[in-house]
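*Asks:* One file: entry37.txt (compact mmCIF, N, CA and C atoms).
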```
# COMPACT_ATOMS: atom_id res chain seq x y z
N MET A 1 -92.28 -12.34 0.76
CA MET A 1 -93.40 -12.74 -0.05
C MET A 1 -94.12 -13.95 0.55
N LYS A 2 -93.35 -14.94 1.01
CA LYS A 2 -93.95 -16.14 1.59
C LYS A 2 -94.71 -15.80 2.87
N ASN A 3 -94.15 -14.88 3.68
CA ASN A 3 -94.82 -14.52 4.92
C ASN A 3 -96.15 -13.82 4.65
N LYS A 4 -96.21 -13.00 3.59
CA LYS A 4 -97.47 -12.34 3.26
C LYS A 4 -98.51 -13.36 2.81
N ILE A 5 -98.10 -14.33 2.03
CA ILE A 5 -99.03 -15.36 1.56
C ILE A 5 -99.54 -16.17 2.74
N ILE A 6 -98.65 -16.54 3.64
CA ILE A 6 -99.06 -17.31 4.82
C ILE A 6 -100.00 -16.48 5.69
N THR A 7 -99.71 -15.20 5.86
CA THR A 7 -100.56 -14.34 6.66
C THR A 7 -101.95 -14.21 6.04
N ILE A 8 -102.00 -14.02 4.75
CA ILE A 8 -103.29 -13.92 4.06
C ILE A 8 -104.05 -15.23 4.16
N LEU A 9 -103.36 -16.34 3.96
CA LEU A 9 -104.01 -17.65 4.05
C LEU A 9 -104.57 -17.89 5.45
N LEU A 10 -103.81 -17.59 6.48
CA LEU A 10 -104.29 -17.77 7.84
C LEU A 10 -105.46 -16.84 8.15
N ALA A 11 -105.43 -15.61 7.62
CA ALA A 11 -106.54 -14.69 7.84
C ALA A 11 -107.82 -15.21 7.19
N VAL A 12 -107.70 -15.73 5.98
CA VAL A 12 -108.87 -16.27 5.28
C VAL A 12 -109.42 -17.48 6.03
N ILE A 13 -108.55 -18.36 6.48
CA ILE A 13 -108.98 -19.54 7.23
C ILE A 13 -109.65 -19.13 8.54
N THR A 14 -109.11 -18.13 9.20
CA THR A 14 -109.70 -17.65 10.45
C THR A 14 -111.09 -17.08 10.22
N VAL A 15 -111.24 -16.27 9.18
CA VAL A 15 -112.55 -15.69 8.88
C VAL A 15 -113.55 -16.79 8.52
N LEU A 16 -113.15 -17.73 7.68
CA LEU A 16 -114.06 -18.81 7.28
C LEU A 16 -114.48 -19.67 8.48
N SER A 17 -113.53 -19.99 9.33
CA SER A 17 -113.88 -20.81 10.49
C SER A 17 -114.78 -20.04 11.45
N SER A 18 -114.52 -18.76 11.62
CA SER A 18 -115.37 -17.94 12.49
C SER A 18 -116.79 -17.85 11.95
N LEU A 19 -116.91 -17.61 10.65
CA LEU A 19 -118.24 -17.55 10.04
C LEU A 19 -118.97 -18.89 10.13
N SER A 20 -118.25 -19.98 9.91
CA SER A 20 -118.87 -21.30 10.00
C SER A 20 -119.39 -21.57 11.41
N ILE A 21 -118.60 -21.20 12.40
CA ILE A 21 -119.01 -21.43 13.79
C ILE A 21 -120.20 -20.54 14.15
N VAL A 22 -120.18 -19.28 13.71
CA VAL A 22 -121.30 -18.38 14.01
C VAL A 22 -122.58 -18.86 13.33
N PHE A 23 -122.50 -19.24 12.05
CA PHE A 23 -123.68 -19.74 11.36
C PHE A 23 -124.20 -21.03 12.00
N PHE A 24 -123.30 -21.89 12.41
CA PHE A 24 -123.71 -23.13 13.07
C PHE A 24 -124.42 -22.82 14.38
N ALA A 25 -123.84 -21.91 15.17
CA ALA A 25 -124.44 -21.58 16.46
C ALA A 25 -125.79 -20.89 16.29
N ALA A 26 -125.92 -20.06 15.26
CA ALA A 26 -127.19 -19.36 15.03
C ALA A 26 -128.28 -20.32 14.57
N LYS A 27 -127.92 -21.34 13.85
CA LYS A 27 -128.90 -22.26 13.27
C LYS A 27 -129.16 -23.47 14.18
N TYR A 28 -128.31 -23.72 15.18
CA TYR A 28 -128.39 -24.93 15.98
C TYR A 28 -129.67 -24.97 16.80
N ASP A 29 -130.32 -26.09 16.78
CA ASP A 29 -131.52 -26.32 17.58
C ASP A 29 -131.45 -27.76 18.07
N SER A 30 -131.40 -27.93 19.38
CA SER A 30 -131.19 -29.26 19.93
C SER A 30 -132.41 -30.16 19.77
N THR A 31 -133.57 -29.60 19.42
CA THR A 31 -134.77 -30.43 19.30
C THR A 31 -134.84 -31.17 17.97
N THR A 32 -134.13 -30.68 16.96
CA THR A 32 -134.16 -31.37 15.67
C THR A 32 -133.15 -32.49 15.64
N LYS A 33 -133.54 -33.58 15.06
CA LYS A 33 -132.64 -34.73 14.98
C LYS A 33 -131.69 -34.63 13.80
N TYR A 34 -132.18 -34.19 12.65
CA TYR A 34 -131.34 -34.15 11.47
C TYR A 34 -131.71 -32.94 10.64
N ASP A 35 -130.72 -32.17 10.31
CA ASP A 35 -130.94 -31.00 9.46
C ASP A 35 -129.77 -30.94 8.49
N THR A 36 -130.08 -30.82 7.22
CA THR A 36 -129.02 -30.82 6.20
C THR A 36 -128.06 -29.67 6.40
N TYR A 37 -128.61 -28.50 6.71
CA TYR A 37 -127.74 -27.33 6.90
C TYR A 37 -126.80 -27.55 8.07
N LEU A 38 -127.33 -28.08 9.16
CA LEU A 38 -126.49 -28.30 10.33
C LEU A 38 -125.38 -29.30 10.04
N SER A 39 -125.71 -30.36 9.34
CA SER A 39 -124.67 -31.35 9.07
C SER A 39 -123.63 -30.78 8.11
N LEU A 40 -124.06 -30.02 7.11
CA LEU A 40 -123.09 -29.41 6.19
C LEU A 40 -122.24 -28.36 6.90
N SER A 41 -122.86 -27.56 7.75
CA SER A 41 -122.07 -26.53 8.46
C SER A 41 -121.11 -27.17 9.45
N MET A 42 -121.53 -28.28 10.05
CA MET A 42 -120.63 -28.96 10.97
C MET A 42 -119.43 -29.54 10.23
N TYR A 43 -119.68 -30.12 9.05
CA TYR A 43 -118.56 -30.62 8.25
C TYR A 43 -117.67 -29.47 7.79
N ALA A 44 -118.26 -28.32 7.50
CA ALA A 44 -117.46 -27.15 7.10
C ALA A 44 -116.58 -26.70 8.26
N VAL A 45 -117.14 -26.70 9.46
CA VAL A 45 -116.35 -26.33 10.64
C VAL A 45 -115.21 -27.32 10.82
N TYR A 46 -115.49 -28.61 10.70
CA TYR A 46 -114.44 -29.62 10.83
C TYR A 46 -113.36 -29.43 9.76
N ALA A 47 -113.78 -29.19 8.54
CA ALA A 47 -112.81 -29.03 7.44
C ALA A 47 -111.93 -27.81 7.65
N VAL A 48 -112.54 -26.69 8.00
CA VAL A 48 -111.77 -25.47 8.18
C VAL A 48 -110.84 -25.60 9.38
N MET A 49 -111.30 -26.22 10.45
CA MET A 49 -110.43 -26.42 11.62
C MET A 49 -109.29 -27.38 11.29
N ALA A 50 -109.55 -28.41 10.50
CA ALA A 50 -108.49 -29.33 10.09
C ALA A 50 -107.45 -28.60 9.25
N ILE A 51 -107.91 -27.75 8.34
CA ILE A 51 -106.97 -26.96 7.53
C ILE A 51 -106.16 -26.03 8.41
N ALA A 52 -106.82 -25.38 9.37
CA ALA A 52 -106.12 -24.45 10.27
C ALA A 52 -105.06 -25.17 11.10
N PHE A 53 -105.43 -26.34 11.67
CA PHE A 53 -104.46 -27.08 12.48
C PHE A 53 -103.32 -27.62 11.62
N THR A 54 -103.62 -28.05 10.40
CA THR A 54 -102.57 -28.53 9.51
C THR A 54 -101.60 -27.40 9.18
N CYS A 55 -102.14 -26.23 8.88
CA CYS A 55 -101.27 -25.07 8.60
C CYS A 55 -100.45 -24.69 9.83
N LEU A 56 -101.09 -24.72 10.99
CA LEU A 56 -100.39 -24.37 12.23
C LEU A 56 -99.22 -25.30 12.49
N PHE A 57 -99.48 -26.61 12.46
CA PHE A 57 -98.42 -27.56 12.73
C PHE A 57 -97.38 -27.60 11.60
N GLY A 58 -97.84 -27.45 10.37
CA GLY A 58 -96.91 -27.41 9.25
C GLY A 58 -95.97 -26.22 9.34
N PHE A 59 -96.51 -25.06 9.67
CA PHE A 59 -95.67 -23.87 9.82
C PHE A 59 -94.70 -24.03 10.98
N ALA A 60 -95.16 -24.62 12.08
CA ALA A 60 -94.28 -24.81 13.23
C ALA A 60 -93.13 -25.74 12.89
N VAL A 61 -93.43 -26.86 12.23
CA VAL A 61 -92.38 -27.81 11.85
C VAL A 61 -91.43 -27.18 10.84
N TRP A 62 -91.97 -26.45 9.88
CA TRP A 62 -91.13 -25.78 8.88
C TRP A 62 -90.23 -24.75 9.54
N SER A 63 -90.76 -23.98 10.48
CA SER A 63 -89.98 -22.96 11.18
C SER A 63 -88.88 -23.59 12.02
N ILE A 64 -89.19 -24.69 12.69
CA ILE A 64 -88.18 -25.37 13.51
C ILE A 64 -87.09 -25.96 12.63
N ALA A 65 -87.47 -26.57 11.52
CA ALA A 65 -86.49 -27.18 10.62
C ALA A 65 -85.61 -26.12 9.96
N ALA A 66 -86.18 -24.96 9.65
CA ALA A 66 -85.41 -23.91 8.99
C ALA A 66 -84.42 -23.25 9.94
N ASN A 67 -84.79 -23.09 11.20
CA ASN A 67 -83.93 -22.41 12.18
C ASN A 67 -83.79 -23.28 13.43
N PHE A 68 -83.13 -24.41 13.30
CA PHE A 68 -83.08 -25.34 14.42
C PHE A 68 -82.30 -24.76 15.60
N LYS A 69 -81.20 -24.06 15.34
CA LYS A 69 -80.40 -23.52 16.44
C LYS A 69 -81.19 -22.47 17.22
N ASP A 70 -81.97 -21.66 16.52
CA ASP A 70 -82.78 -20.65 17.20
C ASP A 70 -84.00 -21.25 17.88
N SER A 71 -84.37 -22.45 17.50
CA SER A 71 -85.58 -23.08 18.02
C SER A 71 -85.32 -23.94 19.25
N LYS A 72 -84.08 -24.08 19.66
CA LYS A 72 -83.77 -24.94 20.81
C LYS A 72 -84.50 -24.48 22.07
N GLU A 73 -84.49 -23.17 22.32
CA GLU A 73 -85.13 -22.67 23.53
C GLU A 73 -86.65 -22.89 23.48
N SER A 74 -87.23 -22.73 22.32
CA SER A 74 -88.67 -22.97 22.19
C SER A 74 -89.00 -24.43 22.42
N LEU A 75 -88.17 -25.33 21.89
CA LEU A 75 -88.39 -26.75 22.10
C LEU A 75 -88.23 -27.14 23.57
N ILE A 76 -87.30 -26.50 24.26
CA ILE A 76 -87.15 -26.74 25.69
C ILE A 76 -88.40 -26.28 26.43
N GLY A 77 -88.95 -25.14 26.03
CA GLY A 77 -90.19 -24.65 26.63
C GLY A 77 -91.36 -25.59 26.41
N VAL A 78 -91.47 -26.12 25.20
CA VAL A 78 -92.53 -27.08 24.90
C VAL A 78 -92.33 -28.35 25.72
N GLY A 79 -91.10 -28.77 25.87
CA GLY A 79 -90.81 -29.94 26.70
C GLY A 79 -91.18 -29.73 28.15
N VAL A 80 -90.89 -28.54 28.69
CA VAL A 80 -91.25 -28.24 30.07
C VAL A 80 -92.77 -28.26 30.24
N VAL A 81 -93.48 -27.67 29.30
CA VAL A 81 -94.95 -27.68 29.37
C VAL A 81 -95.47 -29.13 29.32
N ALA A 82 -94.91 -29.94 28.45
CA ALA A 82 -95.34 -31.34 28.34
C ALA A 82 -95.07 -32.10 29.64
N VAL A 83 -93.92 -31.87 30.25
CA VAL A 83 -93.57 -32.55 31.49
C VAL A 83 -94.51 -32.12 32.62
N VAL A 84 -94.79 -30.81 32.71
CA VAL A 84 -95.71 -30.33 33.75
C VAL A 84 -97.10 -30.93 33.55
N MET A 85 -97.56 -31.00 32.29
CA MET A 85 -98.87 -31.59 32.03
C MET A 85 -98.89 -33.07 32.40
N LEU A 86 -97.83 -33.79 32.07
CA LEU A 86 -97.76 -35.22 32.39
C LEU A 86 -97.74 -35.44 33.90
N ILE A 87 -96.92 -34.67 34.61
CA ILE A 87 -96.85 -34.81 36.07
C ILE A 87 -98.19 -34.46 36.70
N SER A 88 -98.83 -33.40 36.18
CA SER A 88 -100.14 -33.00 36.71
C SER A 88 -101.17 -34.11 36.52
N TYR A 89 -101.15 -34.74 35.36
CA TYR A 89 -102.07 -35.84 35.10
C TYR A 89 -101.79 -37.02 36.03
N LEU A 90 -100.52 -37.33 36.24
CA LEU A 90 -100.18 -38.48 37.06
C LEU A 90 -100.53 -38.28 38.53
N ILE A 91 -100.44 -37.05 39.03
CA ILE A 91 -100.74 -36.83 40.45
C ILE A 91 -102.21 -36.51 40.71
N SER A 92 -102.98 -36.27 39.66
CA SER A 92 -104.40 -35.99 39.87
C SER A 92 -105.14 -37.29 40.18
N SER A 93 -106.20 -37.14 40.94
CA SER A 93 -106.99 -38.33 41.28
C SER A 93 -108.41 -38.14 40.75
N PRO A 94 -109.00 -39.21 40.27
CA PRO A 94 -110.38 -39.10 39.78
C PRO A 94 -111.33 -38.84 40.95
N SER A 95 -112.30 -37.99 40.71
CA SER A 95 -113.29 -37.71 41.75
C SER A 95 -114.68 -37.94 41.19
N SER A 96 -115.63 -37.95 42.06
CA SER A 96 -117.02 -38.12 41.62
C SER A 96 -117.89 -37.11 42.34
N SER A 97 -117.76 -35.84 41.94
CA SER A 97 -118.58 -34.80 42.53
C SER A 97 -119.99 -34.87 41.95
N ALA A 98 -120.87 -34.09 42.52
CA ALA A 98 -122.27 -34.11 42.06
C ALA A 98 -122.38 -33.67 40.61
N ILE A 99 -121.58 -32.70 40.22
CA ILE A 99 -121.63 -32.21 38.83
C ILE A 99 -121.12 -33.26 37.87
N GLU A 100 -120.08 -34.00 38.26
CA GLU A 100 -119.55 -35.05 37.39
C GLU A 100 -120.54 -36.20 37.26
N VAL A 101 -121.26 -36.48 38.32
CA VAL A 101 -122.29 -37.53 38.25
C VAL A 101 -123.44 -37.07 37.36
N LYS A 102 -123.82 -35.80 37.48
CA LYS A 102 -124.93 -35.27 36.68
C LYS A 102 -124.63 -35.33 35.19
N PHE A 103 -123.40 -35.00 34.81
CA PHE A 103 -123.03 -34.99 33.40
C PHE A 103 -122.37 -36.29 32.95
N ALA A 104 -122.40 -37.31 33.77
CA ALA A 104 -121.88 -38.65 33.44
C ALA A 104 -120.42 -38.60 32.99
N VAL A 105 -119.60 -37.90 33.77
CA VAL A 105 -118.17 -37.81 33.48
C VAL A 105 -117.50 -39.07 34.01
N SER A 106 -116.74 -39.73 33.15
CA SER A 106 -116.06 -40.96 33.55
C SER A 106 -114.89 -40.62 34.48
N THR A 107 -114.39 -41.64 35.16
CA THR A 107 -113.26 -41.41 36.06
C THR A 107 -112.01 -41.01 35.30
N GLN A 108 -111.83 -41.53 34.09
CA GLN A 108 -110.67 -41.18 33.28
C GLN A 108 -110.72 -39.71 32.88
N LEU A 109 -111.88 -39.26 32.43
CA LEU A 109 -112.05 -37.86 32.06
C LEU A 109 -111.92 -36.96 33.28
N SER A 110 -112.40 -37.42 34.41
CA SER A 110 -112.25 -36.66 35.65
C SER A 110 -110.79 -36.48 36.01
N LYS A 111 -109.99 -37.50 35.76
CA LYS A 111 -108.56 -37.42 36.02
C LYS A 111 -107.90 -36.42 35.07
N VAL A 112 -108.32 -36.39 33.82
CA VAL A 112 -107.78 -35.44 32.84
C VAL A 112 -108.14 -34.01 33.26
N ILE A 113 -109.39 -33.81 33.68
CA ILE A 113 -109.82 -32.48 34.12
C ILE A 113 -109.04 -32.05 35.34
N GLY A 114 -108.84 -32.95 36.29
CA GLY A 114 -108.06 -32.62 37.48
C GLY A 114 -106.62 -32.31 37.14
N GLY A 115 -106.04 -33.05 36.20
CA GLY A 115 -104.67 -32.77 35.77
C GLY A 115 -104.56 -31.41 35.11
N GLY A 116 -105.56 -31.04 34.32
CA GLY A 116 -105.56 -29.72 33.69
C GLY A 116 -105.65 -28.61 34.73
N ALA A 117 -106.47 -28.82 35.76
CA ALA A 117 -106.58 -27.83 36.83
C ALA A 117 -105.27 -27.69 37.59
N ILE A 118 -104.65 -28.81 37.91
CA ILE A 118 -103.36 -28.77 38.62
C ILE A 118 -102.31 -28.07 37.77
N ALA A 119 -102.27 -28.37 36.48
CA ALA A 119 -101.31 -27.70 35.59
C ALA A 119 -101.57 -26.20 35.53
N ALA A 120 -102.84 -25.81 35.50
CA ALA A 120 -103.17 -24.38 35.50
C ALA A 120 -102.69 -23.71 36.79
N TYR A 121 -102.84 -24.38 37.91
CA TYR A 121 -102.34 -23.84 39.18
C TYR A 121 -100.82 -23.70 39.15
N ILE A 122 -100.14 -24.70 38.64
CA ILE A 122 -98.67 -24.65 38.57
C ILE A 122 -98.21 -23.51 37.67
N PHE A 123 -98.83 -23.38 36.49
CA PHE A 123 -98.44 -22.30 35.57
C PHE A 123 -98.79 -20.94 36.15
N GLY A 124 -99.92 -20.84 36.85
CA GLY A 124 -100.28 -19.57 37.49
C GLY A 124 -99.30 -19.18 38.58
N MET A 125 -98.90 -20.15 39.41
CA MET A 125 -97.91 -19.86 40.45
C MET A 125 -96.56 -19.51 39.83
N GLY A 126 -96.23 -20.17 38.72
CA GLY A 126 -94.99 -19.84 38.03
C GLY A 126 -95.00 -18.43 37.47
N ALA A 127 -96.15 -18.00 36.94
CA ALA A 127 -96.26 -16.64 36.42
C ALA A 127 -96.15 -15.61 37.54
N ILE A 128 -96.78 -15.89 38.68
CA ILE A 128 -96.67 -14.98 39.82
C ILE A 128 -95.24 -14.92 40.32
N ALA A 129 -94.58 -16.08 40.43
CA ALA A 129 -93.18 -16.12 40.88
C ALA A 129 -92.28 -15.35 39.90
N ALA A 130 -92.53 -15.49 38.60
CA ALA A 130 -91.72 -14.76 37.61
C ALA A 130 -91.93 -13.26 37.73
N ALA A 131 -93.17 -12.83 37.98
CA ALA A 131 -93.43 -11.40 38.14
C ALA A 131 -92.75 -10.85 39.38
N ILE A 132 -92.80 -11.60 40.48
CA ILE A 132 -92.14 -11.18 41.71
C ILE A 132 -90.63 -11.13 41.51
N TRP A 133 -90.08 -12.16 40.89
CA TRP A 133 -88.65 -12.21 40.64
C TRP A 133 -88.21 -11.05 39.75
N SER A 134 -89.00 -10.74 38.75
CA SER A 134 -88.67 -9.64 37.85
C SER A 134 -88.66 -8.30 38.57
N SER A 135 -89.64 -8.07 39.42
CA SER A 135 -89.67 -6.79 40.14
C SER A 135 -88.54 -6.69 41.15
N ILE A 136 -88.20 -7.80 41.81
CA ILE A 136 -87.11 -7.79 42.79
C ILE A 136 -85.77 -7.59 42.07
N SER A 137 -85.57 -8.29 40.96
CA SER A 137 -84.28 -8.15 40.25
C SER A 137 -84.13 -6.76 39.65
N ASN A 138 -85.22 -6.11 39.26
CA ASN A 138 -85.12 -4.74 38.73
C ASN A 138 -84.80 -3.76 39.85
N LYS A 139 -85.29 -3.99 41.05
CA LYS A 139 -84.99 -3.12 42.20
C LYS A 139 -83.52 -3.25 42.62
N LEU A 140 -82.97 -4.46 42.47
CA LEU A 140 -81.58 -4.68 42.90
C LEU A 140 -80.56 -4.13 41.91
N LYS A 141 -80.96 -3.86 40.68
CA LYS A 141 -80.02 -3.37 39.68
C LYS A 141 -79.74 -1.94 39.83
```
Could you write out this structure as structure tokens?
*Replies:*
Amino acid sequence: MKNKIITILLAVITVLSSLSIVFFAAKYDSTTKYDTYLSLSMYAVYAVMAIAFTCLFGFAVWSIAANFKDSKESLIGVGVVAVVMLISYLISSPSSSAIEVKFAVSTQLSKVIGGGAIAAYIFGMGAIAAAIWSSISNKLK
């Protein structure tokens, strides 16, 4: 019963947030400085996204607390992702390409973007290595 309620609640939140974003995008005009509809729709998008993230994190914490022994592997996975992201950020260097200068990207943001790219490369190589390992181990069995 609880799972059905949570599923219905998440579906409603998803539909509301999608509609809010679509209406906002359809009505958005960069030439206007202030529009009541735009400000209300933007607050609606913020509110629905806040509710969605609260539900997401609340459900995750509740699920981990309810089944801690089963959640150990998931927590290890989250820890590995966090470590890879941290290492990627630390080894990335800020750059000042023409595009970053055009869009006034700060050196700190440039470092974050570079860290995200490095992490994506690491995860992509890990996925390729896992696929190769899986096919080789299946052939050996």
*Asks:* Can you work out which one of A:Val78, A:Val15, A:Val45, A:Val84 has the shortest atom-to-atom distance to Ile118 of chain A, counting only C-alpha atoms?
*Replies:*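 Result for the nearest residue to Ile118 of chain A: A:Val84.
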*Asks:* Please determine an axis-aligned box that encloses all atoms of segment 94-100 of chain A listed in the file, with 8 Å added on each side, and express its centre and edge lengths in Å to one decimal as AutoDock Vina command-line options.
*Replies:*
```
--center_x -115.7 --center_y -35.7 --center_z 39.9 --size_x 29.4 --size_y 23.0 --size_z 21.3
```
*Asks:* Quick one: distance from atom CA of Gly116 of chain A to atom N of Glu100 of chain A in Å, one decimal?
*Replies:*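 Calculated distance between atom CA of Gly116 of chain A and atom N of Glu100 of chain A is 15.8 Å.
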*Asks:* Hey, could you make a per-residue contact list for segment 2-99 of chain A against segment 105-112 of chain A with 6.5 Å as the cut-off, showing the nearest pair of atoms and its distance in Å to one decimal, counting all atoms listed in the file, sorted by chain and number, as a tab-separated table?
*Replies:*
```
residue	atom	partner	partner_atom	distance
A:Tyr89	CA	A:Lys111	C	5.9
A:Ser92	C	A:Lys111	CA	5.4
A:Ser93	C	A:Lys111	CA	4.8
A:Pro94	CA	A:Lys111	N	4.3
A:Ser95	N	A:Ser110	C	5.2
A:Ile99	C	A:Val105	N	6.4
```
*Asks:* For atom CA of Phe53 of chain A and atom CA of Ile113 of chain A, quote the distance in Å rounded to one decimal.
*Replies:* 22.9 Å
*Asks:* Find the distance between atom CA of Thr14 of chain A and atom CA of Ala52 of chain A and write it in Å to one decimal.
*Replies:*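 A separation of 7.7 Å between them.
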*Asks:* Using only N, CA and C atoms, can you tell me which of A:Ala60, A:Trp133, A:Ala120, A:Met49 comes closest to Leu16 of chain A?
*Replies:*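 Of the candidates, the smallest distance to Leu16 of chain A is held by A:Met49.
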*Asks:* Return as a ChimeraX atom specification the full set of residues in segment 42-109 of chain A whose backbone-based DSSP assignment is alpha helix (DSSP H).
*Replies:* /A:42-66,68-91,98-102,107-109
*Asks:* Given only N, CA and C atoms as the basis, pick out the residue of A:Met42, A:Ala65, A:Leu75, A:Ile6 nearest to Ser20 of chain A.
*Replies:*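 Nearest to Ser20 of chain A: A:Met42.
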